[in-house]
Amino acid sequence: MTNYGKHIKMLVKMLSTFNPESHSLDSFLEETSKDLQVFDVGEAAFVLEVLSGCIEYKSLWDIVVDGFYARDGKNYLLSEKNLYVVICFLATFKLDELGLHNFTRIIKSQDITRMHKFLRFFFDAMNLSTWIKDEWSYIYDAPYVTENWINPLLRWQPEMQHLIGHLGDNIESRSRTKKTSKVTEPKEFNLTRPKPRAIPVPQPIPSMEKHHGLPVTTYKPPKEMLLLEETKHRNRQKAEELLLTANVEQFKCANTEKSDSTKRVMSEIMKEEENKLSFDAPKAHPVPAVKVDNIPVRLNATAILREGALYQRKVDQELQKIENLMDGACDPSKFVAWQKQMREKDLENQLAELECRRLEGKLSREEAVLARQNLIQENKKKAVLMKEETEELMRQYAENRLQEEKEMRELVEQVAEGHKNTKQARKKLQKYKQQIVQEVAEESRELLRQALEKAEEELRKKFDLICQIRALESIPFIRHKFVDLTQVAGHRVHGEMSLVELRERLFLLSEAQKKEEEEKRDQILLEKQTKEQLLLDKLEQISLHRAALGRAAALKQEEKKANSLLTKTPVKDERIMELQRKLEEKTQERKKQAEILKIKPQKSPAYSMRSGSLKRNLSQENHWSELEDHRERQAQLLKQGILSRGTAQKMTTYQAARDVSSATCMS
């Protein structure tokens, strides 16, 4: 990359267009990569890497840039904030990769004064080791910040101080050249001096009328605003009172009447719930533990190095423990045993408490089921009474509706007689309309014929024009141009060459590139071999550690089994025994209540007369379900505005009459 200033300006512009609320990082980088297709692959990758780093670590750069604006950059524009963010990222993450020479070129491509002031602030050892380090440690881990960011910046401190001094010398040399430059001294023009003007006669000053003072109402609010405030205050008080009454007097849900099919479904659900109440379900058999020993697992390089470091850390800890014991430190095994014993006691108490809570939950569940069964019995009695009352009301309503239908039929017959006289007038009007339609059709045919003639004429003219154009295009046009690849184009440009010379130079460049690639390939192969040898050594060390840990784990497992057999005693508590006894009593009571509910209640005499057989019962259930569906469809039509309320009432009465007549036929 040669033009660093252009790339820095492009990065600043892209950062100013990024909005984290409307763009994600991945989508923004994809859009940016489309705009960078004009550049080389290396330049585009560099720009994308710097852009993603500036956005990802924005919280770090904001701390530094805000501190710079608060201390040294008070006179600088806030629009240059993204420029300092890019410089921070390059100095923190890319300084080792770019090198001092390229970083100096990037700095010199910008304004030297601003860069000198910002670098002096950012690379100050006091700032880096005090508040910048503390602020960054709030966001990331302090050891990571110190090792990866602060220490490299302090390591580049001498070179950066040399660069800052060089920039300061350039600024001073510029100021000296400006001071030593000659200042242009203006000289007066040799012009004829004009004669002094005569003093004009003073004009009398007119007397001004006395102005009126401002009205008193200017500094007082209008009455309308005061009235609005009072009204708003009163409305707020009323709203608070209404809210208080609404919270105190809340609505109560009504017990709606359900159909037989709904009740049957509810009874099935209740049966399933009763079956689920059997809490003492058989426990699942534990899965037998499969002994797995030394199963080969393929590890990658990272896993091998991580595991090797883990075992090495354990070895260091053991060595440190042995050294401490040799120096006179105490053995914490007695304290660990006492701590383990106390934890086991706490665990036993917790298990007893959990068992009590479980039994209390079962007991409350049994009481809730008993209360629900009692409520179901009461609801069934109420439903039978309500059904008898509704049947009587429906019968009376159907009789009234039949009488109204007879009156409506008589009215319809009278209206039909009046409509017979209007048929002759309708026939005359129809003949007149047919005559008018025939006249209009003849006129439209004539207009359509004229339009077709015009269109044919225009089409013929266009066809002739197309034939002429094609004839002109068919004339051959011969071009002869001979190119000599050994000659120069003659544009008089610096470094101009022929195509043959260009191809030769490109061939030499490709050969040099291939040679460089071969050298890199050999170096990579050598590094790979050394890494593989290191991994093999680590694997051998890991296998030794695993064998030792496996033996220790087997001994520990056998010791744990022996201790569990000795210390396993059943947990008994008086509260648990009492709760179990109460739970058994409630369970027996619930089962008796369920057996009572299973016995069917005796039917009323009116209902037994109409439901003598199973077939009539089924037909009656279908009848009530159809009636409910009809009511739901009618309510939807009323809600949508398709059906008026009067028409809905008529349809309801007609359906009721049909139901009563069908019920009488069935009886």
# chains A, B, ... in the order shown; residues from 1 in each chain; ligands from 1
>>> residues_around(residues="Val145 (chain A)", least_positions_apart="6", cutoff="12 Å", atoms="only C-alpha atoms", output="number ranges by chain")
A: 60, 92, 128-129, 132-139, 151-153
>>> write_last_selection(atoms="N, CA, C and O atoms", output="PDB file, in the first residue's frame")
ATOM      1  N   LEU A  60     -13.133   0.902  24.039  1.00  0.00           N
ATOM      2  CA  LEU A  60     -11.766   1.261  24.450  1.00  0.00           C
ATOM      3  C   LEU A  60     -11.346   2.587  23.847  1.00  0.00           C
ATOM      4  O   LEU A  60     -10.782   3.459  24.516  1.00  0.00           O
ATOM      5  N   THR A  92      -2.298   0.297  18.712  1.00  0.00           N
ATOM      6  CA  THR A  92      -2.452  -0.753  19.727  1.00  0.00           C
ATOM      7  C   THR A  92      -2.301  -2.144  19.147  1.00  0.00           C
ATOM      8  O   THR A  92      -1.683  -3.026  19.753  1.00  0.00           O
ATOM      9  N   LEU A 128      -0.764   6.039  30.185  1.00  0.00           N
ATOM     10  CA  LEU A 128      -0.950   4.617  29.872  1.00  0.00           C
ATOM     11  C   LEU A 128      -0.975   3.760  31.133  1.00  0.00           C
ATOM     12  O   LEU A 128      -1.766   2.810  31.236  1.00  0.00           O
ATOM     13  N   SER A 129      -0.107   4.064  32.083  1.00  0.00           N
ATOM     14  CA  SER A 129       0.012   3.194  33.261  1.00  0.00           C
ATOM     15  C   SER A 129      -0.953   3.556  34.377  1.00  0.00           C
ATOM     16  O   SER A 129      -1.016   2.839  35.366  1.00  0.00           O
ATOM     17  N   ILE A 132      -5.734   5.191  31.852  1.00  0.00           N
ATOM     18  CA  ILE A 132      -6.122   4.393  30.677  1.00  0.00           C
ATOM     19  C   ILE A 132      -6.140   2.913  31.027  1.00  0.00           C
ATOM     20  O   ILE A 132      -7.064   2.158  30.676  1.00  0.00           O
ATOM     21  N   LYS A 133      -5.132   2.455  31.744  1.00  0.00           N
ATOM     22  CA  LYS A 133      -5.090   1.043  32.164  1.00  0.00           C
ATOM     23  C   LYS A 133      -6.264   0.706  33.081  1.00  0.00           C
ATOM     24  O   LYS A 133      -6.886  -0.353  32.954  1.00  0.00           O
ATOM     25  N   ASP A 134      -6.588   1.615  34.016  1.00  0.00           N
ATOM     26  CA  ASP A 134      -7.704   1.351  34.938  1.00  0.00           C
ATOM     27  C   ASP A 134      -9.037   1.291  34.203  1.00  0.00           C
ATOM     28  O   ASP A 134      -9.866   0.408  34.464  1.00  0.00           O
ATOM     29  N   GLU A 135      -9.269   2.245  33.281  1.00  0.00           N
ATOM     30  CA  GLU A 135     -10.542   2.254  32.549  1.00  0.00           C
ATOM     31  C   GLU A 135     -10.681   1.028  31.661  1.00  0.00           C
ATOM     32  O   GLU A 135     -11.763   0.448  31.554  1.00  0.00           O
ATOM     33  N   TRP A 136      -9.598   0.621  31.003  1.00  0.00           N
ATOM     34  CA  TRP A 136      -9.666  -0.594  30.167  1.00  0.00           C
ATOM     35  C   TRP A 136      -9.858  -1.844  31.017  1.00  0.00           C
ATOM     36  O   TRP A 136     -10.481  -2.820  30.575  1.00  0.00           O
ATOM     37  N   SER A 137      -9.338  -1.847  32.228  1.00  0.00           N
ATOM     38  CA  SER A 137      -9.485  -3.025  33.106  1.00  0.00           C
ATOM     39  C   SER A 137     -10.914  -3.197  33.582  1.00  0.00           C
ATOM     40  O   SER A 137     -11.306  -4.294  33.974  1.00  0.00           O
ATOM     41  N   TYR A 138     -11.728  -2.110  33.595  1.00  0.00           N
ATOM     42  CA  TYR A 138     -13.141  -2.263  33.928  1.00  0.00           C
ATOM     43  C   TYR A 138     -13.886  -3.061  32.870  1.00  0.00           C
ATOM     44  O   TYR A 138     -14.890  -3.716  33.149  1.00  0.00           O
ATOM     45  N   ILE A 139     -13.439  -2.995  31.604  1.00  0.00           N
ATOM     46  CA  ILE A 139     -14.129  -3.670  30.494  1.00  0.00           C
ATOM     47  C   ILE A 139     -13.567  -5.071  30.282  1.00  0.00           C
ATOM     48  O   ILE A 139     -14.325  -6.034  30.079  1.00  0.00           O
ATOM     49  N   ASN A 151       1.698  -3.145  27.931  1.00  0.00           N
ATOM     50  CA  ASN A 151       3.145  -3.416  27.838  1.00  0.00           C
ATOM     51  C   ASN A 151       3.706  -3.209  26.423  1.00  0.00           C
ATOM     52  O   ASN A 151       4.789  -2.634  26.266  1.00  0.00           O
ATOM     53  N   PRO A 152       3.036  -3.674  25.342  1.00  0.00           N
ATOM     54  CA  PRO A 152       3.563  -3.360  23.998  1.00  0.00           C
ATOM     55  C   PRO A 152       3.639  -1.867  23.716  1.00  0.00           C
ATOM     56  O   PRO A 152       4.590  -1.394  23.080  1.00  0.00           O
ATOM     57  N   LEU A 153       2.633  -1.109  24.171  1.00  0.00           N
ATOM     58  CA  LEU A 153       2.688   0.341  23.942  1.00  0.00           C
ATOM     59  C   LEU A 153       3.858   0.979  24.709  1.00  0.00           C
ATOM     60  O   LEU A 153       4.530   1.882  24.184  1.00  0.00           O
TER      61      LEU A 153
END
>>> residues_around(residues="Gln373 (chain A)", least_positions_apart="6", cutoff="9 Å", atoms="only C-alpha atoms", output="mmCIF file with N, CA, C and O atoms, in the first residue's frame")
data_model
loop_
_atom_site.group_PDB
_atom_site.id
_atom_site.type_symbol
_atom_site.label_atom_id
_atom_site.label_comp_id
_atom_site.auth_asym_id
_atom_site.auth_seq_id
_atom_site.Cartn_x
_atom_site.Cartn_y
_atom_site.Cartn_z
ATOM 1 N N ARG A 590 -60.798 -39.178 49.166
ATOM 2 C CA ARG A 590 -61.000 -38.781 47.758
ATOM 3 C C ARG A 590 -61.503 -39.933 46.912
ATOM 4 O O ARG A 590 -62.372 -39.781 46.055
ATOM 5 N N GLN A 593 -65.168 -40.410 47.514
ATOM 6 C CA GLN A 593 -65.934 -39.360 46.838
ATOM 7 C C GLN A 593 -66.002 -39.609 45.337
ATOM 8 O O GLN A 593 -67.031 -39.363 44.708
ATOM 9 N N ALA A 594 -64.911 -40.111 44.756
ATOM 10 C CA ALA A 594 -64.912 -40.410 43.313
ATOM 11 C C ALA A 594 -65.869 -41.538 42.994
ATOM 12 O O ALA A 594 -66.553 -41.527 41.955
ATOM 13 N N LEU A 597 -69.317 -40.093 42.852
ATOM 14 C CA LEU A 597 -69.548 -39.319 41.618
ATOM 15 C C LEU A 597 -69.793 -40.210 40.419
ATOM 16 O O LEU A 597 -70.456 -39.821 39.465
#
>>> residues_around(residues="Thr587 (chain A)", least_positions_apart="6", cutoff="10 Å", atoms="only C-alpha atoms", output="list in words")
Leu277, Ser278, Lys362, Leu363, Arg365, Glu366, Glu367, Val369, Leu370 and Gln593 of chain A
>>> residues_around(residues="Val488 (chain A)", least_positions_apart="4", cutoff="9 Å", atoms="only C-alpha atoms", output="PDB file with C-alpha atoms, in the first residue's frame")
ATOM      1  CA  ASP A 484       2.695  -4.092 -34.179  1.00  0.00           C
ATOM      2  CA  GLU A 496       6.133   3.636 -21.671  1.00  0.00           C
ATOM      3  CA  MET A 497       6.890   0.206 -23.237  1.00  0.00           C
ATOM      4  CA  SER A 498       5.653  -2.141 -25.935  1.00  0.00           C
ATOM      5  CA  LEU A 499       3.472  -5.210 -25.392  1.00  0.00           C
TER       6      LEU A 499
END
>>> residues_around(residues="region 526-540 of chain A", least_positions_apart="3", cutoff="7 Å", atoms="only C-alpha atoms", output="ChimeraX atom specification")
/A:301,304-305,308,522-523,543-544
>>> write_last_selection(atoms="N, CA and C atoms", output="compact mmCIF listing (two decimals), in the first residue's frame")
# COMPACT_ATOMS: atom_id res chain seq x y z
N ALA A 301 -4.33 -30.03 18.02
CA ALA A 301 -3.11 -29.47 18.61
C ALA A 301 -3.43 -28.59 19.82
N ILE A 304 -4.23 -30.78 22.87
CA ILE A 304 -3.02 -31.44 23.41
C ILE A 304 -2.22 -30.45 24.25
N LEU A 305 -2.01 -29.24 23.70
CA LEU A 305 -1.23 -28.24 24.44
C LEU A 305 -1.94 -27.80 25.71
N GLY A 308 -1.65 -30.64 28.25
CA GLY A 308 -0.27 -30.69 28.76
C GLY A 308 0.00 -29.58 29.76
N ASP A 522 9.09 -24.01 2.11
CA ASP A 522 10.10 -24.77 2.86
C ASP A 522 10.14 -24.35 4.32
N GLN A 523 10.02 -23.04 4.57
CA GLN A 523 10.05 -22.55 5.95
C GLN A 523 8.83 -23.05 6.74
N SER A 543 -0.20 -39.15 28.34
CA SER A 543 -0.54 -40.56 28.56
C SER A 543 -0.04 -41.04 29.93
N LEU A 544 1.16 -40.61 30.32
CA LEU A 544 1.67 -40.98 31.64
C LEU A 544 0.78 -40.42 32.76
>>> closest_atom_pairs(of="region 15-56 of chain A", to="region 77-81 of chain A", cutoff="12 Å", atoms="only C-alpha atoms", output="tab-separated table")
residue	atom	partner	partner_atom	distance
A:Leu15	CA	A:Lys81	CA	9.9
A:Ser16	CA	A:Ser79	CA	8.7
A:Cys54	CA	A:Lys81	CA	11.8
>>> residues_around(residues="region 18-23 of chain A", least_positions_apart="4", cutoff="12 Å", atoms="only C-alpha atoms", output="list in words")
Leu11, Val12, Lys13, Met14, Ser27, Phe28, Leu29, Glu30, Glu31, Thr32, Leu51, Ser52, Cys54, Ile55, Glu56, Lys58 and Asn82 of chain A
>>> write_last_selection(atoms="N, CA, C and O atoms", output="compact mmCIF listing (two decimals), in the first residue's frame")
# COMPACT_ATOMS: atom_id res chain seq x y z
N LEU A 11 -11.60 5.04 5.71
CA LEU A 11 -11.99 4.41 6.98
C LEU A 11 -12.78 5.37 7.86
O LEU A 11 -13.78 4.99 8.49
N VAL A 12 -12.35 6.63 7.92
CA VAL A 12 -13.07 7.63 8.73
C VAL A 12 -14.48 7.83 8.19
O VAL A 12 -15.46 7.91 8.95
N LYS A 13 -14.62 7.86 6.87
CA LYS A 13 -15.95 8.03 6.26
C LYS A 13 -16.85 6.83 6.55
O LYS A 13 -18.04 6.98 6.85
N MET A 14 -16.29 5.61 6.47
CA MET A 14 -17.10 4.41 6.75
C MET A 14 -17.53 4.36 8.21
O MET A 14 -18.68 3.97 8.52
N SER A 27 -23.26 -7.59 8.44
CA SER A 27 -23.90 -7.02 7.25
C SER A 27 -23.18 -5.76 6.80
O SER A 27 -23.03 -5.52 5.59
N PHE A 28 -22.69 -4.93 7.75
CA PHE A 28 -21.99 -3.71 7.36
C PHE A 28 -20.67 -4.03 6.66
O PHE A 28 -20.30 -3.37 5.68
N LEU A 29 -19.95 -5.06 7.15
CA LEU A 29 -18.70 -5.44 6.50
C LEU A 29 -18.94 -6.02 5.12
O LEU A 29 -18.15 -5.80 4.19
N GLU A 30 -20.07 -6.77 4.93
CA GLU A 30 -20.38 -7.29 3.59
C GLU A 30 -20.66 -6.16 2.61
O GLU A 30 -20.20 -6.17 1.47
N GLU A 31 -21.44 -5.15 3.05
CA GLU A 31 -21.70 -4.01 2.17
C GLU A 31 -20.42 -3.26 1.84
O GLU A 31 -20.22 -2.78 0.72
N THR A 32 -19.55 -3.12 2.82
CA THR A 32 -18.30 -2.39 2.60
C THR A 32 -17.37 -3.15 1.66
O THR A 32 -16.68 -2.55 0.83
N LEU A 51 -11.39 -1.68 9.98
CA LEU A 51 -12.77 -1.23 10.21
C LEU A 51 -13.46 -2.09 11.27
O LEU A 51 -14.10 -1.58 12.19
N SER A 52 -13.31 -3.42 11.16
CA SER A 52 -13.95 -4.31 12.15
C SER A 52 -13.34 -4.12 13.54
O SER A 52 -14.05 -4.15 14.55
N CYS A 54 -12.00 -1.31 14.78
CA CYS A 54 -12.46 -0.03 15.34
C CYS A 54 -13.88 -0.14 15.88
O CYS A 54 -14.21 0.46 16.91
N ILE A 55 -14.74 -0.93 15.20
CA ILE A 55 -16.13 -1.07 15.65
C ILE A 55 -16.21 -2.01 16.86
O ILE A 55 -16.95 -1.76 17.81
N GLU A 56 -15.43 -3.11 16.83
CA GLU A 56 -15.52 -4.11 17.89
C GLU A 56 -15.00 -3.57 19.22
O GLU A 56 -15.58 -3.83 20.28
N LYS A 58 -14.82 -0.40 20.19
CA LYS A 58 -15.19 1.02 20.21
C LYS A 58 -15.18 1.58 21.64
O LYS A 58 -14.85 2.74 21.86
N ASN A 82 -13.38 10.05 14.65
CA ASN A 82 -13.12 8.75 14.02
C ASN A 82 -11.67 8.63 13.54
O ASN A 82 -11.12 7.53 13.50
>>> atom_distance(atom1="CA of Ile576 (chain A)", atom2="CA of Glu589 (chain A)")
20.2 Å
>>> closest_residue(among="A:Ala562, A:Ala91, A:Ala142, A:Leu119", to="Gly73 (chain A)", atoms="only C-alpha atoms")
A:Leu119
